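Single-structure report; data block below.
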Amino acid sequence: MNAPMTGLAMMPDLEPPRLVDEEPAVVVSGLTKRYGDFTAVDQVGFTAFPGEVIGVVGESGSGKSTLLRLLNLEEQPQAGTYTLGIKSCAGVNLFTLGRFESRSTRVRHIGIVYQNPHLGLHMHHTSGGNVAERLLVAGERSFHALRRRARAALDASEFPMDRIDVPPLTLSGGMQQRVQLAKAIALEPDLLLLDEPTTGLDVSVQALVLDTLKRLQRDRRITMVIVSHDLGVIRTLADRVLVMRRGAVVEAGLTDQVLGDPQHPYTQQLVHAKL
Amino acid sequence: MTPLGTDPAASPLLSVRDLAKRFEIHHLGRQVATFQAVDFDLDAGEFLMLGGANGTGKSTLLRTLYRSCRTDTGTAIYRSARGPIDLLRAADIDIAWLRRAEIGFVTQFLQARPRISAEDIVAEPLLQSGQDHKTAIGEARRWLDAFGLKPTLWPAYPSAFSGGEQQKVNLARALIRPRRLLFLDEPTASLDRLARRALVARLEELKRAGVAMIGVFHFPEDIQHLVDQQIILDADTPLADPVSQGDMADVAE
Amino acid sequence: MTALRDLVRPWQRYSYGFLDESAKRAVRRGLLKAIAIPGCQISYASREMPMARGWGTGGLQVSLTLVEPESVVKVIDQGADDGVNAANIRSFIARASGARTTTDTLEATLIQSRHRIPEERLTRNQLLVLQVPDPEPLRAVVPDISVARIMHADADYGLMWLKLYEQLVQAGRVTQSSSYPSLVNGRHIMSPSPIPRWDTPKLHQAENLTLLSAGREKRLYAVPPWTDVKPLEFSDVAFKVEDQTGRVCERTGATGQFMNEMPLLDGTSTFELSDAGFAEKLARRRAGEAVTIGPTYYVDGELQP
């Protein structure tokens with residue numbers, strides 16, 4: 001991550017990767033999103049390698065969620081490129097895709113878990129059905145396969161199987177997040193986006209959901225981008241961190257380094273505010 | 001990067017020159033210096049002991065080489081199996097790979113995670129490196145046994161363990177996978193005699209296997225016989241370590 | 001001084017086919033679009049008709065637009081030619097156009113129908129106009145019609161499939177009995193109007209043009225001849241039509257066609273062909289009259305290729 005670090009006693013720039021010769025899973029550069037005069041995301045860039053978890057921290061309004069919406073192809077930026085290391089669109093800037101390809105790329109290759117389950121789930125349909133819908137959209141037409149694959153995804157999200165036919169509306173917040181997670185991983189995405197996945201949950205439930213995410217990451221090596229203002233969540237999950245402020249990345253680095261030896265004044269403030 | 005000789009055996013595993021670290025504390029508007037002008041070479045199988053009074057930056061030095069801290073001064077050329085690289089300037093992704101594959105960090109703190117049993121925590125590095133679950137758990141139990149953790153505790157969650165028991169889990173996890181370079185940050189603190197002996201035995205074994213180690217020990221007598229070199233950090237740049245102990249747990253990974 | 005007679009226009013006949021020319025032109029335009037994009041709902045300016053909305057005004061406007069003096073018109077309601085509504089619409093079309101009427105499917109060139117497709121196979125010279133109460137197949141899953149239109153545009157039919165999935169999960173079978181959602185020409189999901197499942201396969205690769213019109217909802221759509229119409233089905237849970245096994249028509253002795261069930265006081269039922277015009281012909285033939293019966297879509301309950 002060669003993000004600009006402004007206003008610092010400059011640390012030397014890092015070298016390009018030498019030991020790791022894997023193709024990156026995600027490459028984002030120069031991403032800029034403006035709403036009128038307001039710049040929500042300002043020249044953001046990062047690279048994620050397969051199986052890596054990138055944390056994005058920053059206070060409310062720092063552009064974290066907008067960044068995630070851009071990565072989920074829900075919005076078009078004014079500038080920037082975004083590529084995924086997948087065969088079907090290797091080297092293609094995903095923002096140049098047409099409406100259909102964009103949607104199909106989102107369905108097949110990107111999963112998302114929103115902070116608010118209402119955004120990600122059909123609350124009145126069954127939990128199993130919510131997961132099945134994702135498979136249906138991707139073209140699965142066997143009822144038994146749908147049933148089996150929905151179960152498998154819910155199981156991987158540690159959702160209790162006896163509630164598979166219960167609508168999320170009647171479930172607790174933690175269970176709703178598990179349904180969202182199952183839906184997001186049902187198609188084994190190349191990129192999993194998590195927007196404050198545990199915010200608003202009880203602390204004990206939070207820990208359980210985090211644990212599930214950690215397990216998934218270990219077992220499936222899914223590349224993830226997780227947005228959170230909770231440094232504890234980032235510390236638990238992320239390999240590397242982007243610190244965002246006013247839409248821009250002010251600091252980027254290994255999680256333990258950014259949280260333990262922050263360089264930018266804003267990061268120092270953020271880290272100490274937590275402690 | 002400095003060009004290095006082509007024969008890896010001919011040059012040291014880790015070559016540190018002019019290493020220094022300052023903390024810039026923005027809200028105070030000042031810099032705090034720690035160690036300065038540190039030079040050393042470390043060969044495979046060598047043990048380097050870091051000494052010095054409290055606050056001279058021994059832990060910080062380990063953390064700087066492990067890249068939990070950044071510095072703008074010096075070089076630290078490490079000969080990875082994949083080629084030489086400056087630890088201070090390597091890409092984050094390379095450091096992440098080195099931490100998974102070649103360089104370990106042992107602290108006195110266990111980062112216990114909820115609902116993960118002791119044996120699973122210990123087995124995790126093996127699972128991450130692609131071993132099957134059964135072998136990994138078997139290895140994990142062997143190590144927990146060697147460090148003297150009661151078998152009844154193996155499937156339990158370590159968050160409820162005593163400090164000493166947690167440390168045994170931590171050491172087993174940190175030492176279970178072969179590394180080429182190990183940083184040891186007071187790993188014997190809060191260990192009982194039995195566990196200390198097991199640790200020293202494991203370190204001897206690792207040293208014989210060619211693992212290079214840099215260590216900070218509160219009671220150096222235990223491992224005195226392993227030490228090949230010693231560096232005493234100066235006390236003339238005293239420092240209140242601005243990094244709280246809470247953050248130290250990070251590097252246990 | 002302006003006299004009252006200066007303000008009124010002299011009496012004129014209604015335009016041919018009741019609708020004025022501009023209304024017919026608007027319907028024709030809508031129909032052309034609908035035929036060009038099979039299964040896609042096209043908005044049109046549905047007019048006031050001398051009949052309450054919801055009673056077939058959509059079908060009527062299409063019929064009146066397309067009718068010619070040479071047309072032979074058949075109108076059916078749930079398969080019957082003699083329902084009050086069907087009879088009224090038939091006589092209205094005849095009066096407004098001078099066209100001849102019939103109850104014989106083979107003879108008809110323009111068939112307006114509510115909730116059934118005749119059992120005798122329609123041919124390329126025939127037009128089928130279906131009355132549609134609710135043209136939006138996604139309504140059951142998306143209450144917001146603007147969202148539904150975007151979903152059609154994106155061919156985003158996951159929710160539609162989900163509805164069937166959940167019927168299977170909850171009832172063990174697909175419980176959708178009529179208006180069975182069908183994919184037209186591999187692109188748009190359409191509600192084929194509330195025809196029974198039995199009639200849905202008749203639309204697939206049909207020789208005739210089918211026009212569907214919802215007067216209250218102001219939507220037109222079409223299935224052109226030789227177009228794929230595939231009911232949504234899972235690969236391992238096949239689409240099934242209503243089983244007519246063991247049902248014998250009281251009037252004609254016919255079997256293997258779509259029957260109406262007539263409950264009796266003793267708790268049992270008798271059955272009668274739902275397609276009344278077809279039944280009438282079978283009855284006349286039974287009585288010894290020379291009647292031409294056309295090939296039917298189903299023979300002995302089996303769909304014919």
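Within each chain, counting starts at residue 1; across the structure tokens, chains are named A, B, ... in the order shown, with ligands numbered 1 upward in that order.
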
query = Which residues of chain A are close to chain B, meaning at most 9 Å apart when you count only C-alpha atoms, and how do they look as a ChimeraX atom specification?
reply = /A:1-2,9-20,48-49,207-208,211,218-219,235-236,239-240,253-266,268-269,275

message = Counting only C-alpha atoms, a student should be able to say which residues of chain C come within 7 Å of chain A; what is the right answer, written as JSON, numbers by chain?
response = {"C": [154, 157, 158, 159, 161, 162, 166, 234, 235, 236, 237]}

Deliver the residues from the most recent selection as a file, using N, CA and C atoms, as a tab-separated table (two decimals), in the first residue's frame.
chain	number	residue	atom	x	y	z
C	154	ASP	N	-33.39	-5.19	-15.43
C	154	ASP	CA	-32.15	-5.90	-15.10
C	154	ASP	C	-32.30	-7.41	-15.24
C	157	TYR	N	-34.58	-11.53	-11.43
C	157	TYR	CA	-35.76	-12.30	-11.06
C	157	TYR	C	-35.53	-13.23	-9.88
C	158	GLY	N	-34.47	-12.96	-9.12
C	158	GLY	CA	-34.18	-13.82	-7.97
C	158	GLY	C	-35.35	-13.93	-7.01
C	159	LEU	N	-36.04	-12.81	-6.78
C	159	LEU	CA	-37.14	-12.83	-5.82
C	159	LEU	C	-38.31	-13.67	-6.31
C	161	TRP	N	-38.09	-16.29	-8.23
C	161	TRP	CA	-37.69	-17.67	-7.99
C	161	TRP	C	-37.79	-18.00	-6.50
C	162	LEU	N	-37.41	-17.02	-5.69
C	162	LEU	CA	-37.44	-17.22	-4.25
C	162	LEU	C	-38.86	-17.55	-3.79
C	166	GLU	N	-39.81	-20.81	-1.73
C	166	GLU	CA	-40.41	-20.82	-0.40
C	166	GLU	C	-41.75	-21.56	-0.39
C	234	PHE	N	-37.90	-25.55	-11.26
C	234	PHE	CA	-36.60	-26.01	-10.82
C	234	PHE	C	-36.23	-27.25	-11.63
C	235	SER	N	-34.93	-27.44	-11.82
C	235	SER	CA	-34.51	-28.56	-12.67
C	235	SER	C	-34.92	-29.90	-12.07
C	236	ASP	N	-35.09	-29.93	-10.75
C	236	ASP	CA	-35.44	-31.21	-10.13
C	236	ASP	C	-36.86	-31.21	-9.54
C	237	VAL	N	-37.61	-30.13	-9.78
C	237	VAL	CA	-39.01	-30.10	-9.36
C	237	VAL	C	-39.78	-29.57	-10.57

DSSP strand (DSSP E or B) residues within range 46-77 of chain A, listed as a PyMOL selection string = chain A and resi 46-48+53-57

Same residues, all heavy atoms, saved as an mmCIF file, in the first residue's frame:
data_model
loop_
_atom_site.group_PDB
_atom_site.id
_atom_site.type_symbol
_atom_site.label_atom_id
_atom_site.label_comp_id
_atom_site.auth_asym_id
_atom_site.auth_seq_id
_atom_site.Cartn_x
_atom_site.Cartn_y
_atom_site.Cartn_z
ATOM 1 N N PHE A 46 -5.383 1.006 -2.888
ATOM 2 C CA PHE A 46 -4.759 -0.047 -2.093
ATOM 3 C C PHE A 46 -4.713 -1.324 -2.916
ATOM 4 O O PHE A 46 -5.396 -1.451 -3.937
ATOM 5 C CB PHE A 46 -5.490 -0.285 -0.767
ATOM 6 C CG PHE A 46 -6.857 -0.872 -0.908
ATOM 7 C CD1 PHE A 46 -7.050 -2.249 -0.888
ATOM 8 C CD2 PHE A 46 -7.967 -0.056 -1.057
ATOM 9 C CE1 PHE A 46 -8.311 -2.802 -1.022
ATOM 10 C CE2 PHE A 46 -9.244 -0.595 -1.192
ATOM 11 C CZ PHE A 46 -9.405 -1.968 -1.176
ATOM 12 N N THR A 47 -3.898 -2.248 -2.463
ATOM 13 C CA THR A 47 -3.794 -3.557 -3.107
ATOM 14 C C THR A 47 -4.026 -4.605 -2.036
ATOM 15 O O THR A 47 -3.508 -4.478 -0.938
ATOM 16 C CB THR A 47 -2.385 -3.736 -3.694
ATOM 17 O OG1 THR A 47 -2.173 -2.698 -4.640
ATOM 18 C CG2 THR A 47 -2.245 -5.067 -4.384
ATOM 19 N N ALA A 48 -4.815 -5.604 -2.330
ATOM 20 C CA ALA A 48 -5.006 -6.699 -1.375
ATOM 21 C C ALA A 48 -4.645 -7.999 -2.069
ATOM 22 O O ALA A 48 -5.011 -8.211 -3.218
ATOM 23 C CB ALA A 48 -6.445 -6.741 -0.882
ATOM 24 N N VAL A 53 -6.889 -9.604 4.823
ATOM 25 C CA VAL A 53 -7.987 -8.815 5.355
ATOM 26 C C VAL A 53 -7.497 -7.378 5.506
ATOM 27 O O VAL A 53 -6.539 -7.115 6.236
ATOM 28 C CB VAL A 53 -8.464 -9.348 6.715
ATOM 29 C CG1 VAL A 53 -9.608 -8.494 7.245
ATOM 30 C CG2 VAL A 53 -8.892 -10.802 6.590
ATOM 31 N N ILE A 54 -8.145 -6.476 4.775
ATOM 32 C CA ILE A 54 -7.779 -5.065 4.846
ATOM 33 C C ILE A 54 -8.802 -4.364 5.741
ATOM 34 O O ILE A 54 -10.004 -4.437 5.477
ATOM 35 C CB ILE A 54 -7.810 -4.413 3.448
ATOM 36 C CG1 ILE A 54 -6.956 -5.197 2.449
ATOM 37 C CG2 ILE A 54 -7.379 -2.952 3.538
ATOM 38 C CD1 ILE A 54 -5.482 -5.145 2.705
ATOM 39 N N GLY A 55 -8.340 -3.724 6.792
ATOM 40 C CA GLY A 55 -9.232 -2.957 7.660
ATOM 41 C C GLY A 55 -9.265 -1.512 7.204
ATOM 42 O O GLY A 55 -8.253 -0.975 6.761
ATOM 43 N N VAL A 56 -10.419 -0.892 7.300
ATOM 44 C CA VAL A 56 -10.526 0.537 7.002
ATOM 45 C C VAL A 56 -11.094 1.199 8.240
ATOM 46 O O VAL A 56 -12.198 0.866 8.674
ATOM 47 C CB VAL A 56 -11.456 0.791 5.795
ATOM 48 C CG1 VAL A 56 -11.502 2.274 5.472
ATOM 49 C CG2 VAL A 56 -10.999 0.000 4.583
ATOM 50 N N VAL A 57 -10.303 2.107 8.830
ATOM 51 C CA VAL A 57 -10.783 2.784 10.036
ATOM 52 C C VAL A 57 -10.874 4.276 9.795
ATOM 53 O O VAL A 57 -10.290 4.818 8.859
ATOM 54 C CB VAL A 57 -9.871 2.521 11.265
ATOM 55 C CG1 VAL A 57 -9.835 1.055 11.606
ATOM 56 C CG2 VAL A 57 -8.477 3.052 11.030
#

request  = Quick one: pull the distance between CA of Asp41 in chain B and CA of Leu206 in chain B, Å, one decimal.
outcome  = 18.8 Å

ask   = Which parts of range 58-141 of chain A does DSSP call helix (DSSP H, G or I) when run on the backbone here, written out as a PyMOL selection string?
value = chain A and resi 64-71+87-89+94-96+99-109+117-120+127-137

Got time to write the residues from that selection, C-alpha atoms, as a PDB file, in the first residue's frame?
ATOM      1  CA  LYS A  64     -15.369   4.446   4.751  1.00  0.00           C
ATOM      2  CA  SER A  65     -18.870   3.399   3.818  1.00  0.00           C
ATOM      3  CA  THR A  66     -18.782   5.245   0.498  1.00  0.00           C
ATOM      4  CA  LEU A  67     -15.576   3.402  -0.298  1.00  0.00           C
ATOM      5  CA  LEU A  68     -17.327   0.122   0.426  1.00  0.00           C
ATOM      6  CA  ARG A  69     -20.290   1.024  -1.769  1.00  0.00           C
ATOM      7  CA  LEU A  70     -17.868   1.823  -4.581  1.00  0.00           C
ATOM      8  CA  LEU A  71     -16.140  -1.511  -4.087  1.00  0.00           C
ATOM      9  CA  LYS A  87     -10.194 -14.724 -14.841  1.00  0.00           C
ATOM     10  CA  SER A  88     -13.421 -13.415 -16.325  1.00  0.00           C
ATOM     11  CA  CYS A  89     -12.386  -9.788 -15.936  1.00  0.00           C
ATOM     12  CA  LEU A  94     -14.808  -2.814 -13.080  1.00  0.00           C
ATOM     13  CA  PHE A  95     -16.171   0.718 -13.245  1.00  0.00           C
ATOM     14  CA  THR A  96     -16.154   0.504 -17.041  1.00  0.00           C
ATOM     15  CA  ARG A  99     -24.993  -2.419 -16.134  1.00  0.00           C
ATOM     16  CA  PHE A 100     -25.482  -6.139 -16.690  1.00  0.00           C
ATOM     17  CA  GLU A 101     -21.841  -7.177 -16.390  1.00  0.00           C
ATOM     18  CA  SER A 102     -21.445  -4.964 -13.371  1.00  0.00           C
ATOM     19  CA  ARG A 103     -24.375  -6.613 -11.668  1.00  0.00           C
ATOM     20  CA  SER A 104     -23.253 -10.083 -12.575  1.00  0.00           C
ATOM     21  CA  THR A 105     -19.721  -9.345 -11.332  1.00  0.00           C
ATOM     22  CA  ARG A 106     -21.167  -8.079  -8.076  1.00  0.00           C
ATOM     23  CA  VAL A 107     -23.322 -11.162  -7.631  1.00  0.00           C
ATOM     24  CA  ARG A 108     -20.685 -13.706  -8.558  1.00  0.00           C
ATOM     25  CA  HIS A 109     -17.492 -12.248  -7.193  1.00  0.00           C
ATOM     26  CA  PRO A 117     -29.423  -6.133   8.015  1.00  0.00           C
ATOM     27  CA  HIS A 118     -32.436  -4.506   6.353  1.00  0.00           C
ATOM     28  CA  LEU A 119     -30.142  -3.394   3.540  1.00  0.00           C
ATOM     29  CA  GLY A 120     -28.880  -6.869   2.848  1.00  0.00           C
ATOM     30  CA  SER A 127     -33.371 -17.202   6.239  1.00  0.00           C
ATOM     31  CA  GLY A 128     -32.629 -20.132   3.959  1.00  0.00           C
ATOM     32  CA  GLY A 129     -34.497 -18.375   1.173  1.00  0.00           C
ATOM     33  CA  ASN A 130     -32.382 -15.259   1.571  1.00  0.00           C
ATOM     34  CA  VAL A 131     -29.286 -17.316   0.935  1.00  0.00           C
ATOM     35  CA  ALA A 132     -30.975 -19.299  -1.836  1.00  0.00           C
ATOM     36  CA  GLU A 133     -31.921 -16.093  -3.637  1.00  0.00           C
ATOM     37  CA  ARG A 134     -28.268 -15.274  -4.140  1.00  0.00           C
ATOM     38  CA  LEU A 135     -27.732 -18.709  -5.682  1.00  0.00           C
ATOM     39  CA  LEU A 136     -30.869 -18.315  -7.805  1.00  0.00           C
ATOM     40  CA  VAL A 137     -29.640 -14.991  -9.155  1.00  0.00           C
TER      41      VAL A 137
END

inquiry  = What's around Leu184 in chain B at 7 Å? Count only C-alpha atoms, leave out sequence neighbours fewer than 4 positions away in its own chain, and write the answer as a PyMOL selection string.
reply    = chain B and resi 105-107+214-216

inquiry  = So that I can check the surroundings of range 267-271 of chain C, please list as a ChimeraX atom specification every protein, DNA and RNA residue that reaches within 7 Å of it, counting only C-alpha atoms and ignoring chain neighbours fewer than 6 positions away.
reply    = /C:247-250,259-261

message = Give me, as a list in words, all polymer residues having an atom no more than 10 Å from Pro69 in chain C, counting only C-alpha atoms and skipping those fewer than 3 positions away in the same chain.
response = Tyr16, Gly17, Val72, Ala94, Ala96, Ser97, Gly98, Ala99 and Arg100 of chain C

Keeping only all heavy atoms, write those residues as an mmCIF file, in the first residue's frame.
data_model
loop_
_atom_site.group_PDB
_atom_site.id
_atom_site.type_symbol
_atom_site.label_atom_id
_atom_site.label_comp_id
_atom_site.auth_asym_id
_atom_site.auth_seq_id
_atom_site.Cartn_x
_atom_site.Cartn_y
_atom_site.Cartn_z
ATOM 1 N N TYR C 16 -65.801 3.787 -36.240
ATOM 2 C CA TYR C 16 -65.883 2.336 -36.417
ATOM 3 C C TYR C 16 -65.159 1.634 -35.262
ATOM 4 O O TYR C 16 -64.032 1.979 -34.926
ATOM 5 C CB TYR C 16 -65.236 1.914 -37.744
ATOM 6 C CG TYR C 16 -65.269 0.413 -37.927
ATOM 7 C CD1 TYR C 16 -66.453 -0.217 -38.325
ATOM 8 C CD2 TYR C 16 -64.154 -0.355 -37.662
ATOM 9 C CE1 TYR C 16 -66.503 -1.575 -38.456
ATOM 10 C CE2 TYR C 16 -64.198 -1.733 -37.788
ATOM 11 C CZ TYR C 16 -65.381 -2.339 -38.177
ATOM 12 O OH TYR C 16 -65.439 -3.706 -38.284
ATOM 13 N N GLY C 17 -65.825 0.700 -34.671
ATOM 14 C CA GLY C 17 -65.227 -0.018 -33.553
ATOM 15 C C GLY C 17 -65.272 0.782 -32.261
ATOM 16 O O GLY C 17 -64.459 0.541 -31.355
ATOM 17 N N VAL C 72 -64.458 -12.795 -37.280
ATOM 18 C CA VAL C 72 -65.425 -13.648 -36.607
ATOM 19 C C VAL C 72 -65.005 -13.681 -35.140
ATOM 20 O O VAL C 72 -63.889 -14.078 -34.818
ATOM 21 C CB VAL C 72 -65.424 -15.074 -37.196
ATOM 22 C CG1 VAL C 72 -66.497 -15.913 -36.531
ATOM 23 C CG2 VAL C 72 -65.630 -15.011 -38.702
ATOM 24 N N ALA C 94 -69.720 -6.871 -31.731
ATOM 25 C CA ALA C 94 -70.453 -7.097 -32.975
ATOM 26 C C ALA C 94 -71.175 -5.824 -33.416
ATOM 27 O O ALA C 94 -71.131 -5.425 -34.572
ATOM 28 C CB ALA C 94 -71.431 -8.249 -32.790
ATOM 29 N N ALA C 96 -70.492 -2.704 -32.595
ATOM 30 C CA ALA C 96 -69.605 -1.589 -32.912
ATOM 31 C C ALA C 96 -68.818 -1.842 -34.193
ATOM 32 O O ALA C 96 -68.235 -0.920 -34.748
ATOM 33 C CB ALA C 96 -68.648 -1.351 -31.747
ATOM 34 N N SER C 97 -68.788 -3.101 -34.664
ATOM 35 C CA SER C 97 -67.917 -3.402 -35.790
ATOM 36 C C SER C 97 -68.636 -4.081 -36.964
ATOM 37 O O SER C 97 -68.100 -4.131 -38.066
ATOM 38 C CB SER C 97 -66.790 -4.336 -35.345
ATOM 39 O OG SER C 97 -67.344 -5.603 -35.008
ATOM 40 N N GLY C 98 -69.785 -4.625 -36.714
ATOM 41 C CA GLY C 98 -70.469 -5.367 -37.756
ATOM 42 C C GLY C 98 -69.908 -6.755 -37.965
ATOM 43 O O GLY C 98 -70.283 -7.444 -38.920
ATOM 44 N N ALA C 99 -68.987 -7.157 -37.093
ATOM 45 C CA ALA C 99 -68.387 -8.479 -37.265
ATOM 46 C C ALA C 99 -69.365 -9.572 -36.840
ATOM 47 O O ALA C 99 -70.264 -9.345 -36.030
ATOM 48 C CB ALA C 99 -67.103 -8.583 -36.458
ATOM 49 N N ARG C 100 -69.146 -10.761 -37.389
ATOM 50 C CA ARG C 100 -69.948 -11.921 -37.056
ATOM 51 C C ARG C 100 -69.426 -12.509 -35.727
ATOM 52 O O ARG C 100 -68.254 -12.353 -35.404
ATOM 53 C CB ARG C 100 -69.762 -12.935 -38.193
ATOM 54 C CG ARG C 100 -70.739 -14.092 -38.201
ATOM 55 C CD ARG C 100 -70.851 -14.635 -39.639
ATOM 56 N NE ARG C 100 -69.604 -15.212 -40.125
ATOM 57 C CZ ARG C 100 -69.208 -16.470 -39.832
ATOM 58 N NH1 ARG C 100 -69.935 -17.234 -39.038
ATOM 59 N NH2 ARG C 100 -68.095 -16.948 -40.331
#

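One finds CA of Trp143 in chain B at 19.3 Å from CA of Ile103 in chain B.
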
message = Just want the 7 Å neighbourhood of Ala34 in chain C, counted on only C-alpha atoms, with same-chain residues fewer than 6 positions away dropped. Output as a list in words.
response =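 With the cut-off at 7 Å, the set is Cys40, Gln41, Ile42, Leu220, Tyr221 and Ala222 of chain C.
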
For the residues in that selection, give me C-alpha atoms as a PDB file, in the first residue's frame.
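part.pdb was written with the following content:
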ATOM      1  CA  CYS C  40     -42.454  -6.796 -21.789  1.00  0.00           C
ATOM      2  CA  GLN C  41     -45.215  -4.674 -20.315  1.00  0.00           C
ATOM      3  CA  ILE C  42     -45.953  -1.545 -22.354  1.00  0.00           C
ATOM      4  CA  LEU C 220     -50.178  -4.236 -22.786  1.00  0.00           C
ATOM      5  CA  TYR C 221     -47.952  -7.185 -23.523  1.00  0.00           C
ATOM      6  CA  ALA C 222     -47.761  -9.883 -26.105  1.00  0.00           C
TER       7      ALA C 222
END

request  = Write out as a count of residues only each polymer residue whose atoms come within 8 Å of Ser43 in chain C, counting only C-alpha atoms; drop sequence neighbours fewer than 4 positions from it.
outcome  = 4

query = For Ala153 in chain A, which residue among A:Tyr114, A:Arg220, A:Gly174, A:Val28 is the nearest when counting only C-alpha atoms?
reply =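 Closest candidate: A:Arg220.
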